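Participant: Structure in structure tokens, see below.
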Amino acid sequence: MTEAALAQKKCTPCRGGVAPLNSDEVQSSLPQVTGWSAVDGDTKIAGEFRFKNFRQTLDFVTAVGELAEAEFHHPVSINFGWGFCTIVLQTKKIKGLHENDFIMAAKINEIAAGMSAVE
């Protein structure tokens, strides 16, 4: 699936009781979300973003927060400062990764692209 197709999907509620993606599934899903990497033993994914100034970074963080509320799928952490932001995703209910995390990563990438993130 392409990143654009993944970004068109909606997150589905996860109430637990499903197995997280295994390491092979995580590694095969990573190419769908440019710039994201697996961390913490393939139980989380992290993306790093750069911007021209603090205002752009803050606007990006706000947009990601609005997306998280709309999708009912929230980052584990968002760390940001002047010109940078790091986001970590995981499905907390299953203590690992789910397709929802990759959907969110693709949507976050779209937000960054629309805000002229610096490569």
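By convention here, the chains of the structure tokens are called A, B, ... in the order presented, each chain's residues are numbered starting at 1, and ligands are numbered starting at 1 in the order presented.
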Got a sec: who's within 9 Å of Phe49 in chain A, counting only C-alpha atoms, leaving out chain neighbours fewer than 6 positions off, as a ChimeraX atom specification?
Facilitator: /A:35,57,83-87,109,112,117-119
Participant: Which residues are near Met1 in chain A? Cut-off 12 Å, only C-alpha atoms, ignore same chain within fewer than 6 positions. Put them as JSON, numbers by chain.
Facilitator: {"A": [7, 8, 9, 28, 29, 30, 31, 32, 33, 99, 102, 103, 106]}
Participant: Write out as a VMD selection string the residues lying within 10 Å of Val64 in chain A, counting only C-alpha atoms and excluding same-chain residues fewer than 5 positions away.
Facilitator: chain A and resid 58 to 59 69 to 70 74 to 75 78 87 104 107 to 109 111 to 112
Participant: Considering only C-alpha atoms, state which residue in the set A:Lys44, A:Lys92, A:Arg50, A:His73 is at the smallest distance from Gly17 in chain A.
Facilitator: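 Nearest to Gly17 in chain A: A:Lys92.
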Participant: Please compute the CA of Lys93 in chain A-CA of Cys11 in chain A distance, one decimal, in Å.
Facilitator: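 These two atoms are separated by 14.0 Å.
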Participant: Have a look at CA of Ser23 in chain A and CA of Val88 in chain A and let me know their distance in Å, one decimal.
Facilitator: 16.9 Å
Participant: Might you pull out every residue within 10 Å of Arg55 in chain A, with only C-alpha atoms counted and same-chain residues fewer than 6 positions away left off, and present them as a PyMOL selection string?
Facilitator: chain A and resi 61+81-83
Participant: Do a neighbour search on Asn22 in chain A at 12 Å with only C-alpha atoms, toss out local chain neighbours closer than 5 positions, and write the hits as a VMD selection string.
Facilitator: chain A and resid 27 to 29 38 41 to 44 94 to 99
Participant: For the strand (DSSP E) assignment from backbone DSSP, which residues of chain A qualify? Please present them as a ChimeraX atom specification.
Facilitator: /A:36-39,44-50,77-81,84-89
Participant: With N, CA and C atoms retained, could you export that selection as an mmCIF file, in the first residue's frame?
Facilitator:
data_model
loop_
_atom_site.group_PDB
_atom_site.id
_atom_site.type_symbol
_atom_site.label_atom_id
_atom_site.label_comp_id
_atom_site.auth_asym_id
_atom_site.auth_seq_id
_atom_site.Cartn_x
_atom_site.Cartn_y
_atom_site.Cartn_z
ATOM 1 N N TRP A 36 10.037 7.426 8.997
ATOM 2 C CA TRP A 36 9.733 6.852 10.305
ATOM 3 C C TRP A 36 10.622 5.635 10.534
ATOM 4 N N SER A 37 10.958 5.382 11.802
ATOM 5 C CA SER A 37 11.776 4.220 12.132
ATOM 6 C C SER A 37 11.184 3.499 13.337
ATOM 7 N N ALA A 38 11.459 2.217 13.412
ATOM 8 C CA ALA A 38 11.004 1.405 14.546
ATOM 9 C C ALA A 38 11.959 1.632 15.713
ATOM 10 N N VAL A 39 11.401 1.723 16.907
ATOM 11 C CA VAL A 39 12.191 1.902 18.126
ATOM 12 C C VAL A 39 11.648 0.978 19.209
ATOM 13 N N LYS A 44 7.315 0.532 18.860
ATOM 14 C CA LYS A 44 6.925 1.920 18.615
ATOM 15 C C LYS A 44 7.564 2.366 17.308
ATOM 16 N N ILE A 45 6.997 3.435 16.712
ATOM 17 C CA ILE A 45 7.649 4.078 15.578
ATOM 18 C C ILE A 45 7.851 5.547 15.920
ATOM 19 N N ALA A 46 8.935 6.111 15.392
ATOM 20 C CA ALA A 46 9.272 7.500 15.668
ATOM 21 C C ALA A 46 9.561 8.233 14.366
ATOM 22 N N GLY A 47 9.092 9.461 14.306
ATOM 23 C CA GLY A 47 9.357 10.323 13.159
ATOM 24 C C GLY A 47 9.945 11.638 13.634
ATOM 25 N N GLU A 48 10.915 12.143 12.889
ATOM 26 C CA GLU A 48 11.547 13.425 13.214
ATOM 27 C C GLU A 48 11.261 14.410 12.093
ATOM 28 N N PHE A 49 10.921 15.629 12.472
ATOM 29 C CA PHE A 49 10.545 16.658 11.510
ATOM 30 C C PHE A 49 11.304 17.937 11.821
ATOM 31 N N ARG A 50 11.677 18.655 10.765
ATOM 32 C CA ARG A 50 12.403 19.921 10.901
ATOM 33 C C ARG A 50 11.600 21.027 10.222
ATOM 34 N N SER A 77 4.324 10.277 22.590
ATOM 35 C CA SER A 77 5.002 11.512 22.957
ATOM 36 C C SER A 77 5.198 12.408 21.744
ATOM 37 N N ILE A 78 5.220 13.700 22.035
ATOM 38 C CA ILE A 78 5.586 14.725 21.067
ATOM 39 C C ILE A 78 6.605 15.608 21.768
ATOM 40 N N ASN A 79 7.806 15.665 21.221
ATOM 41 C CA ASN A 79 8.874 16.497 21.768
ATOM 42 C C ASN A 79 9.217 17.535 20.712
ATOM 43 N N PHE A 80 9.170 18.815 21.094
ATOM 44 C CA PHE A 80 9.466 19.828 20.081
ATOM 45 C C PHE A 80 10.153 21.036 20.698
ATOM 46 N N GLY A 81 10.789 21.784 19.820
ATOM 47 C CA GLY A 81 11.457 23.029 20.185
ATOM 48 C C GLY A 81 11.659 23.838 18.931
ATOM 49 N N PHE A 84 12.290 21.867 15.409
ATOM 50 C CA PHE A 84 12.293 20.400 15.372
ATOM 51 C C PHE A 84 11.101 19.828 16.128
ATOM 52 N N CYS A 85 10.725 18.619 15.740
ATOM 53 C CA CYS A 85 9.672 17.884 16.437
ATOM 54 C C CYS A 85 9.918 16.393 16.245
ATOM 55 N N THR A 86 9.837 15.646 17.323
ATOM 56 C CA THR A 86 9.920 14.191 17.279
ATOM 57 C C THR A 86 8.605 13.628 17.822
ATOM 58 N N ILE A 87 8.022 12.706 17.083
ATOM 59 C CA ILE A 87 6.755 12.088 17.480
ATOM 60 C C ILE A 87 6.958 10.583 17.598
ATOM 61 N N VAL A 88 6.444 10.000 18.674
ATOM 62 C CA VAL A 88 6.497 8.554 18.876
ATOM 63 C C VAL A 88 5.066 8.033 18.933
ATOM 64 N N LEU A 89 4.813 6.975 18.159
ATOM 65 C CA LEU A 89 3.490 6.353 18.098
ATOM 66 C C LEU A 89 3.544 4.915 18.594
#
Participant: Run DSSP on the backbone and grab whatever in chain A lands in alpha helix (DSSP H); send it over as a ChimeraX atom specification.
Facilitator: /A:3-7,23-29,54-71,99-114
